[in-house]
Amino acid sequence: MLTQTTTRVLEPADLGAALAVLESAPVENAFVAARVQAAGLDPWRLGGEMWGWYADGRLRSLCYSGANLVPMCATPDAVRAFADRARRTGRRCSSIVGPAEPTAELWRLLEPGWGPARDIRARQPLMVTEEPSADVEPDPFVRRVGRNEMDVIMPACVSMFTEEVGISPMAGDGGLLYQARVAELVGSGRSFARIEDGKVVFKAEIGAATSHACQIQGVWVAPEHRGKGLSETGMAAVLRYALADVAPVVSLYVNDYNTPARAAYRRVGFREVGAFMSVLF
């Protein structure tokens with residue numbers, strides 16, 4: 001049997017088909033699905049192109065190509081097609097991130113032309129939960145960050161990003177895009193923190209949200225407060241907000257070598273259901 005395949009940049013008229021693919025794996029695809037639901041498929045509004053891979057006239061796989069290159073529901077044939085297109089367009093992203101298996105294959109195909117990477121995180125366990133912890137009491141001092149507290153939350157956000165990624169988000173454009181993203185999360189009520197004497201002790205954000213699932217990101221505890229269990233009680237508090245106000249499933253992904261964080265998340269009620277991979281440039 002011959003199978004006709006093709007790859008092309010999706011257009012606004014393809015929105016319904018694209019959402020159907022994204023919603024077939026709502027936890028894995030939450031980050032991109034949230035952006036597509038908010039912005040549609042117009043590249044200018046979306047912040048990048050959405051590539052679609054078709055088999056027998058049906059949209060089967062997607063790849064977001066913007067600041068990140070993100071394969072979604074990508075079959076081996078789709079990964080090869082996305083790699084071919086990425087080679088032709090050249091590297092315009094700062095990272096490749098997505099489910100571990102297709103992301104690893106995508107990077108294998110792109111590395112000869114795009115490498116070396118600054119950092120490769122080959123396995124980042126994807127963790128989910130649908131209910132608040134029965135074992136960890138939420139920190140009552142964790143609350144939503146107010147719009148008038150940007151000057152309080154920004155230093156903590158910059159510290160978290162620099163620790164996690166290895167470079168400051170204030171480089172390049174002076175941090176304008178990063179500040180805008182933090183302000184967006186604060187303004188939408190998805191930034192949470194415990195603040196004492198004008199300084200952030202714990203913080204986390206709900207970075208992506210759809211009606212099916214949301215994703216917690218940016219978990220950070222001030223260095224002088226680490227080892228006190230604040231990441232567990234703080235996460236329990238953010239989880240309570242997320243399940244009550246945002247989505248029925250809450251997810252996050254974490255570096256596999258961060259054993260203390262993985263253990264803390266398990267105590268809060270998260271379980272591992274898969275893995276992501278990140279390639280950082």
# chains A, B, ... in the order shown; residues from 1 in each chain; ligands from 1
>>> residues_around(residues="Phe82 (chain A)", least_positions_apart="5", cutoff="10 Å", atoms="only C-alpha atoms", output="ChimeraX atom specification")
/A:7-8,51-53,61-65,69,71,74,76-77,87-88,106,109-110
>>> write_last_selection(atoms="C-alpha atoms", output="PDB file, in the first residue's frame")
ATOM      1  CA  THR A   7       4.680  18.548   5.176  1.00  0.00           C
ATOM      2  CA  ARG A   8       3.632  22.189   5.074  1.00  0.00           C
ATOM      3  CA  TRP A  51       4.448  22.701  10.607  1.00  0.00           C
ATOM      4  CA  GLY A  52       2.027  19.910   9.851  1.00  0.00           C
ATOM      5  CA  TRP A  53       2.811  16.410   8.620  1.00  0.00           C
ATOM      6  CA  SER A  61       1.884  15.285  13.523  1.00  0.00           C
ATOM      7  CA  LEU A  62       2.915  18.841  14.361  1.00  0.00           C
ATOM      8  CA  CYS A  63       6.107  20.773  14.977  1.00  0.00           C
ATOM      9  CA  TYR A  64       6.167  24.301  16.374  1.00  0.00           C
ATOM     10  CA  SER A  65       9.043  26.350  14.997  1.00  0.00           C
ATOM     11  CA  LEU A  69      11.448  23.767  18.096  1.00  0.00           C
ATOM     12  CA  PRO A  71       7.750  18.125  17.852  1.00  0.00           C
ATOM     13  CA  ALA A  74       5.499  13.058  15.886  1.00  0.00           C
ATOM     14  CA  PRO A  76       9.344   8.607  12.977  1.00  0.00           C
ATOM     15  CA  ASP A  77       8.430   9.590   9.411  1.00  0.00           C
ATOM     16  CA  ARG A  87      17.757  21.995   7.926  1.00  0.00           C
ATOM     17  CA  ARG A  88      16.467  23.997   4.979  1.00  0.00           C
ATOM     18  CA  LEU A 106      15.112  15.044  15.732  1.00  0.00           C
ATOM     19  CA  LEU A 109      19.259  14.267  12.503  1.00  0.00           C
ATOM     20  CA  LEU A 110      19.963  17.955  13.112  1.00  0.00           C
TER      21      LEU A 110
END
>>> residues_around(residues="Arg60 (chain A)", least_positions_apart="5", cutoff="10 Å", atoms="only C-alpha atoms", output="list in words")
Thr5, Ala17, Ala18, Ala20, Val21, Leu22, Gly52, Trp53, Tyr54, Ala55, Met72, Cys73, Ala74, Thr75 and Ala78 of chain A
>>> write_last_selection(atoms="N, CA and C atoms", output="tab-separated table (two decimals), in the first residue's frame")
chain	number	residue	atom	x	y	z
A	5	THR	N	2.46	11.25	1.71
A	5	THR	CA	2.76	12.14	2.84
A	5	THR	C	3.22	13.49	2.33
A	17	ALA	N	-8.08	21.17	12.77
A	17	ALA	CA	-7.31	19.93	12.65
A	17	ALA	C	-6.11	19.95	13.57
A	18	ALA	N	-5.46	21.12	13.71
A	18	ALA	CA	-4.30	21.23	14.59
A	18	ALA	C	-4.70	21.02	16.05
A	20	ALA	N	-7.16	19.29	17.14
A	20	ALA	CA	-7.50	17.88	17.33
A	20	ALA	C	-6.25	17.06	17.62
A	21	VAL	N	-5.16	17.35	16.90
A	21	VAL	CA	-3.90	16.65	17.16
A	21	VAL	C	-3.38	17.00	18.55
A	22	LEU	N	-3.38	18.29	18.88
A	22	LEU	CA	-2.87	18.72	20.19
A	22	LEU	C	-3.67	18.11	21.33
A	52	GLY	N	2.89	21.07	9.77
A	52	GLY	CA	2.03	19.91	9.85
A	52	GLY	C	2.51	18.80	8.95
A	53	TRP	N	2.45	17.59	9.42
A	53	TRP	CA	2.81	16.41	8.62
A	53	TRP	C	1.54	15.62	8.35
A	54	TYR	N	1.29	15.39	7.07
A	54	TYR	CA	0.06	14.73	6.63
A	54	TYR	C	0.39	13.34	6.08
A	55	ALA	N	-0.49	12.38	6.38
A	55	ALA	CA	-0.43	11.06	5.76
A	55	ALA	C	-1.82	10.75	5.22
A	72	MET	N	5.46	17.39	18.11
A	72	MET	CA	4.28	16.94	18.87
A	72	MET	C	3.57	15.82	18.13
A	73	CYS	N	3.28	14.76	18.88
A	73	CYS	CA	2.63	13.59	18.30
A	73	CYS	C	3.36	13.16	17.03
A	74	ALA	N	4.68	13.24	17.09
A	74	ALA	CA	5.50	13.06	15.89
A	74	ALA	C	5.89	11.60	15.68
A	75	THR	N	5.46	11.02	14.59
A	75	THR	CA	5.87	9.68	14.20
A	75	THR	C	7.30	9.73	13.66
A	78	ALA	N	7.39	11.54	10.44
A	78	ALA	CA	7.18	12.97	10.63
A	78	ALA	C	8.45	13.64	11.14
>>> closest_atom_pairs(of="region 12-68 of chain A", to="region 199-219 of chain A", cutoff="10 Å", atoms="only C-alpha atoms", output="tab-separated table")
residue	atom	partner	partner_atom	distance
A:Glu23	CA	A:His212	CA	8.1
A:Ala25	CA	A:His212	CA	9.8
A:Pro26	CA	A:His212	CA	6.3
A:Val27	CA	A:Ala213	CA	5.7
A:Glu28	CA	A:Ala213	CA	9.2
A:Asn29	CA	A:Ala213	CA	9.1
A:Ala30	CA	A:Ala208	CA	6.3
A:Phe31	CA	A:Ala208	CA	5.1
A:Val32	CA	A:Ala208	CA	8.2
A:Ala33	CA	A:Thr210	CA	7.1
A:Ala34	CA	A:Thr210	CA	5.5
A:Arg35	CA	A:Ala208	CA	8.0
A:Gln37	CA	A:Thr210	CA	8.0
A:Ala38	CA	A:Thr210	CA	9.6
>>> residues_around(residues="Ala156 (chain A)", least_positions_apart="4", cutoff="12 Å", atoms="only C-alpha atoms", output="ChimeraX atom specification")
/A:149-152,160-163,168-169,179,182,191-195,198-205,218-223
>>> residues_around(residues="region 262-279 of chain A", least_positions_apart="6", cutoff="7 Å", atoms="only C-alpha atoms", output="list in words")
Ser95, Ile96, Val97, Gly98, Pro99, Ala100, Thr103, Ala117, Asp119, Ile120, Arg121, Ala122, Arg123, Gln124, Pro125, Leu126, Met127, Val128, Thr129, Pro132, Ser133, Val136, Glu232 and Ala236 of chain A
